[in-house]
Amino acid sequence: MVQAVCVHETGGPEVMRWEHVEVGEPGPGEARIRHTAVGLNFIDTYFRSGLYPAPAGTPFSPGNEGAGIVQTVGEGVDHVSPGDRVAYVGPLGAYAQERIVPADRLVALPEGIDDKTAAGMMLKGMTAQYLLRQTYDVGPETTLLFHAAAGGVGLIAGQWAAHLGATVIGTAGSEAKIELAKAHGYQHMINYRTEDFAARVAEITDGAGCDVVYDSVGQDTYPGSLDCLKPRGLWVSFGQSSGPIADFNLGLLAQKGSLYATRPTLFSYIATREALEKTAGDLFDVVEKGIVKIEVNQEYRLADAVQAHQDLEGRKTTGTTVLIP
């Protein structure tokens with residue numbers, strides 16, 4: 001038996017328990033891996049709280065990304081072998097010392113990327129990739145606003161967008177987080193606690209607005225995010241850390257300049273093996289070249305997941321956090 005974080009009923013961080021679990025052997029198309037590091041992401045809190053229903057119901061283990069060593073593989077698996085270093089995003093269940101994973105979700109790690117870096121960047125890094133390279137094709141002519149710039153996705157996106165030549169504006173809630181974001185590609189930063197971010201965006205852009213706004217905050221930044229856009233600009237709502245948007249008024253898109261809106265999720269962008277390999281490969285390339293630096297700013301024992309969630313939801317963390325089994 002191995003140990004895992006288990007949720008028997010949804011709720012606050014305290015519902016997570018450190019328990020012994022049976023893992024079993026991999027079936028056809030599966031692999032059993034031993035985790036060396038597990039990523040912590042805000043989406044983990046959504047499943048734990050019940051905001052997002054766990055696909056198989058309770059009990060379940062949270063967590064959508066990890067890195068580790070392949071232990072055994074099932075029938076028909078030929079692209080990974082026992083002993084390989086691998087990383088993955090999805091399905092749910094990463095908060096465990098060992099687990100079974102669909103083998104087609106595993107990607108081999110390059111020698112130049114260590115396990116902690118990989119575990120902390122797969123979901124956040126591939127999210128930044130699809131946001132900047134697929135949802136909207138960011139380039140030198142792009143002016144963008146990224147909320148929660150000092151968060152895990154934000155710090156990666158800032159570096160990557162700056163490399164692509166964009167004008168990169170961010171928001172954060174403290175001077176320390178503002179300085180952190182400025183060190184990671186953001187040319188302009190706004191303290192949303194002390195400033196009207198829409199008014200500041202208008203000042204920064206001389207009234208022109210942004211081509212695209214990336215919004216993982218939700219309730220607290222809506223509908224202000226729409227006021228930051230140029231006519232026919234794109235609002236990308238990819239999270240809701242402050243709570244869901246209860247009443248989205250489609251008519252606002254017309255009133256504020258024939259705007260576009262999308263609610264994307266990474267899993268739609270990496271649904272096929274080909275798409276996963278391309279997205280992960282693009283991320284590995286910019287990290288290995290030093291274009292994007294992944295800094296693991298916090299580490300917790302996996303057994304201390306309750307404290308990790310409390311700190312994450314209390315906005316006490318910055319950048320990337322990993323849990324060590």
# chains A, B, ... in the order shown; residues from 1 in each chain; ligands from 1
>>> closest_atom_pairs(of="segment 297-325 of chain A", to="segment 148-159 of chain A", cutoff="10 Å", atoms="only C-alpha atoms", output="CSV")
residue,atom,partner,partner_atom,distance
A:Asn297,CA,A:Gly152,CA,9.7
A:Arg315,CA,A:Gly151,CA,9.2
A:Thr317,CA,A:Gly151,CA,7.9
A:Thr318,CA,A:Gly151,CA,5.4
A:Gly319,CA,A:Gly152,CA,3.9
A:Thr320,CA,A:Gly152,CA,5.0
A:Thr321,CA,A:Gly152,CA,8.0
>>> select_by_dssp(residues="segment 4-56 of chain A", states="strand (DSSP E)", output="VMD selection string")
chain A and resid 4 to 7 16 to 21 30 to 39
>>> atom_distance(atom1="atom CA of Arg133 of chain A", atom2="atom CA of Ala94 of chain A")
26.9 Å
>>> residues_around(residues="Leu250 of chain A", least_positions_apart="3", cutoff="10 Å", atoms="only C-alpha atoms", output="list in words")
Asp247, Leu253, Ala254, Gln255, Leu259, Tyr260 and Ala261 of chain A
>>> closest_atom_pairs(of="segment 96-204 of chain A", to="segment 29-41 of chain A", cutoff="8 Å", atoms="only C-alpha atoms", output="tab-separated table")
residue	atom	partner	partner_atom	distance
A:Ala96	CA	A:His35	CA	7.3
A:Gln97	CA	A:His35	CA	5.5
A:Glu98	CA	A:Arg34	CA	4.4
A:Arg99	CA	A:Arg32	CA	5.6
A:Ile100	CA	A:Arg32	CA	4.4
A:Val101	CA	A:Ala31	CA	5.4
A:Pro102	CA	A:Glu30	CA	4.4
A:Ala103	CA	A:Glu30	CA	4.7
A:Asp104	CA	A:Gly29	CA	7.4
A:Asp115	CA	A:Ala37	CA	6.4
A:Lys116	CA	A:Ala37	CA	5.5
A:Ala119	CA	A:Gly39	CA	5.0
A:Gly120	CA	A:Gly39	CA	4.6
A:Met121	CA	A:Gly39	CA	7.5
A:Lys124	CA	A:Asn41	CA	7.9
>>> decode(residues="segment 234-256 of chain A", atoms="N, CA, C and O atoms", output="PDB file, in the first residue's frame")
ATOM      1  N   LEU A 234     -10.732  40.436 -27.347  1.00  0.00           N
ATOM      2  CA  LEU A 234     -11.058  39.102 -26.838  1.00  0.00           C
ATOM      3  C   LEU A 234     -10.861  39.032 -25.331  1.00  0.00           C
ATOM      4  O   LEU A 234      -9.774  39.325 -24.824  1.00  0.00           O
ATOM      5  N   TRP A 235     -11.900  38.635 -24.637  1.00  0.00           N
ATOM      6  CA  TRP A 235     -11.840  38.369 -23.188  1.00  0.00           C
ATOM      7  C   TRP A 235     -11.717  36.866 -22.992  1.00  0.00           C
ATOM      8  O   TRP A 235     -12.588  36.102 -23.400  1.00  0.00           O
ATOM      9  N   VAL A 236     -10.611  36.444 -22.366  1.00  0.00           N
ATOM     10  CA  VAL A 236     -10.338  35.029 -22.140  1.00  0.00           C
ATOM     11  C   VAL A 236     -10.521  34.756 -20.650  1.00  0.00           C
ATOM     12  O   VAL A 236      -9.660  35.085 -19.835  1.00  0.00           O
ATOM     13  N   SER A 237     -11.637  34.167 -20.300  1.00  0.00           N
ATOM     14  CA  SER A 237     -11.951  33.849 -18.904  1.00  0.00           C
ATOM     15  C   SER A 237     -11.566  32.396 -18.659  1.00  0.00           C
ATOM     16  O   SER A 237     -12.288  31.479 -19.038  1.00  0.00           O
ATOM     17  N   PHE A 238     -10.396  32.189 -18.021  1.00  0.00           N
ATOM     18  CA  PHE A 238      -9.904  30.815 -17.883  1.00  0.00           C
ATOM     19  C   PHE A 238      -9.799  30.347 -16.434  1.00  0.00           C
ATOM     20  O   PHE A 238      -9.175  29.329 -16.135  1.00  0.00           O
ATOM     21  N   GLY A 239     -10.463  31.069 -15.516  1.00  0.00           N
ATOM     22  CA  GLY A 239     -10.471  30.669 -14.117  1.00  0.00           C
ATOM     23  C   GLY A 239     -11.391  31.560 -13.322  1.00  0.00           C
ATOM     24  O   GLY A 239     -11.975  32.521 -13.856  1.00  0.00           O
ATOM     25  N   GLN A 240     -11.510  31.275 -12.023  1.00  0.00           N
ATOM     26  CA  GLN A 240     -12.443  32.034 -11.184  1.00  0.00           C
ATOM     27  C   GLN A 240     -11.988  31.982  -9.741  1.00  0.00           C
ATOM     28  O   GLN A 240     -12.730  31.561  -8.850  1.00  0.00           O
ATOM     29  N   SER A 241     -10.770  32.438  -9.487  1.00  0.00           N
ATOM     30  CA  SER A 241     -10.198  32.328  -8.143  1.00  0.00           C
ATOM     31  C   SER A 241     -10.971  33.137  -7.113  1.00  0.00           C
ATOM     32  O   SER A 241     -10.938  32.812  -5.923  1.00  0.00           O
ATOM     33  N   SER A 242     -11.678  34.189  -7.529  1.00  0.00           N
ATOM     34  CA  SER A 242     -12.453  34.995  -6.586  1.00  0.00           C
ATOM     35  C   SER A 242     -13.911  34.568  -6.524  1.00  0.00           C
ATOM     36  O   SER A 242     -14.712  35.157  -5.797  1.00  0.00           O
ATOM     37  N   GLY A 243     -14.255  33.545  -7.294  1.00  0.00           N
ATOM     38  CA  GLY A 243     -15.632  33.071  -7.338  1.00  0.00           C
ATOM     39  C   GLY A 243     -16.180  33.142  -8.753  1.00  0.00           C
ATOM     40  O   GLY A 243     -15.703  33.930  -9.583  1.00  0.00           O
ATOM     41  N   PRO A 244     -17.187  32.321  -9.055  1.00  0.00           N
ATOM     42  CA  PRO A 244     -17.731  32.284 -10.410  1.00  0.00           C
ATOM     43  C   PRO A 244     -18.523  33.543 -10.743  1.00  0.00           C
ATOM     44  O   PRO A 244     -19.048  34.222  -9.852  1.00  0.00           O
ATOM     45  N   ILE A 245     -18.604  33.844 -12.025  1.00  0.00           N
ATOM     46  CA  ILE A 245     -19.431  34.946 -12.514  1.00  0.00           C
ATOM     47  C   ILE A 245     -20.865  34.436 -12.576  1.00  0.00           C
ATOM     48  O   ILE A 245     -21.186  33.548 -13.373  1.00  0.00           O
ATOM     49  N   ALA A 246     -21.730  34.990 -11.734  1.00  0.00           N
ATOM     50  CA  ALA A 246     -23.071  34.424 -11.577  1.00  0.00           C
ATOM     51  C   ALA A 246     -23.975  34.720 -12.771  1.00  0.00           C
ATOM     52  O   ALA A 246     -24.705  33.855 -13.242  1.00  0.00           O
ATOM     53  N   ASP A 247     -23.931  35.954 -13.253  1.00  0.00           N
ATOM     54  CA  ASP A 247     -24.863  36.352 -14.315  1.00  0.00           C
ATOM     55  C   ASP A 247     -24.091  37.019 -15.445  1.00  0.00           C
ATOM     56  O   ASP A 247     -23.895  38.237 -15.434  1.00  0.00           O
ATOM     57  N   PHE A 248     -23.667  36.217 -16.401  1.00  0.00           N
ATOM     58  CA  PHE A 248     -22.948  36.768 -17.552  1.00  0.00           C
ATOM     59  C   PHE A 248     -23.958  37.317 -18.549  1.00  0.00           C
ATOM     60  O   PHE A 248     -24.810  36.588 -19.051  1.00  0.00           O
ATOM     61  N   ASN A 249     -23.876  38.613 -18.800  1.00  0.00           N
ATOM     62  CA  ASN A 249     -24.796  39.288 -19.711  1.00  0.00           C
ATOM     63  C   ASN A 249     -24.169  39.342 -21.099  1.00  0.00           C
ATOM     64  O   ASN A 249     -23.271  40.147 -21.350  1.00  0.00           O
ATOM     65  N   LEU A 250     -24.630  38.502 -21.999  1.00  0.00           N
ATOM     66  CA  LEU A 250     -24.082  38.447 -23.348  1.00  0.00           C
ATOM     67  C   LEU A 250     -24.197  39.795 -24.056  1.00  0.00           C
ATOM     68  O   LEU A 250     -23.349  40.158 -24.874  1.00  0.00           O
ATOM     69  N   GLY A 251     -25.229  40.559 -23.707  1.00  0.00           N
ATOM     70  CA  GLY A 251     -25.426  41.858 -24.347  1.00  0.00           C
ATOM     71  C   GLY A 251     -24.302  42.837 -24.076  1.00  0.00           C
ATOM     72  O   GLY A 251     -24.085  43.770 -24.866  1.00  0.00           O
ATOM     73  N   LEU A 252     -23.557  42.658 -22.961  1.00  0.00           N
ATOM     74  CA  LEU A 252     -22.435  43.552 -22.670  1.00  0.00           C
ATOM     75  C   LEU A 252     -21.376  43.495 -23.760  1.00  0.00           C
ATOM     76  O   LEU A 252     -20.680  44.479 -24.006  1.00  0.00           O
ATOM     77  N   LEU A 253     -21.231  42.352 -24.403  1.00  0.00           N
ATOM     78  CA  LEU A 253     -20.229  42.232 -25.459  1.00  0.00           C
ATOM     79  C   LEU A 253     -20.545  43.180 -26.608  1.00  0.00           C
ATOM     80  O   LEU A 253     -19.642  43.774 -27.214  1.00  0.00           O
ATOM     81  N   ALA A 254     -21.821  43.328 -26.919  1.00  0.00           N
ATOM     82  CA  ALA A 254     -22.230  44.277 -27.962  1.00  0.00           C
ATOM     83  C   ALA A 254     -22.057  45.714 -27.493  1.00  0.00           C
ATOM     84  O   ALA A 254     -21.494  46.555 -28.207  1.00  0.00           O
ATOM     85  N   GLN A 255     -22.511  45.983 -26.265  1.00  0.00           N
ATOM     86  CA  GLN A 255     -22.476  47.351 -25.751  1.00  0.00           C
ATOM     87  C   GLN A 255     -21.058  47.894 -25.641  1.00  0.00           C
ATOM     88  O   GLN A 255     -20.821  49.088 -25.827  1.00  0.00           O
ATOM     89  N   LYS A 256     -20.102  47.029 -25.350  1.00  0.00           N
ATOM     90  CA  LYS A 256     -18.740  47.481 -25.093  1.00  0.00           C
ATOM     91  C   LYS A 256     -17.811  47.338 -26.303  1.00  0.00           C
ATOM     92  O   LYS A 256     -16.597  47.411 -26.182  1.00  0.00           O
TER      93      LYS A 256
END
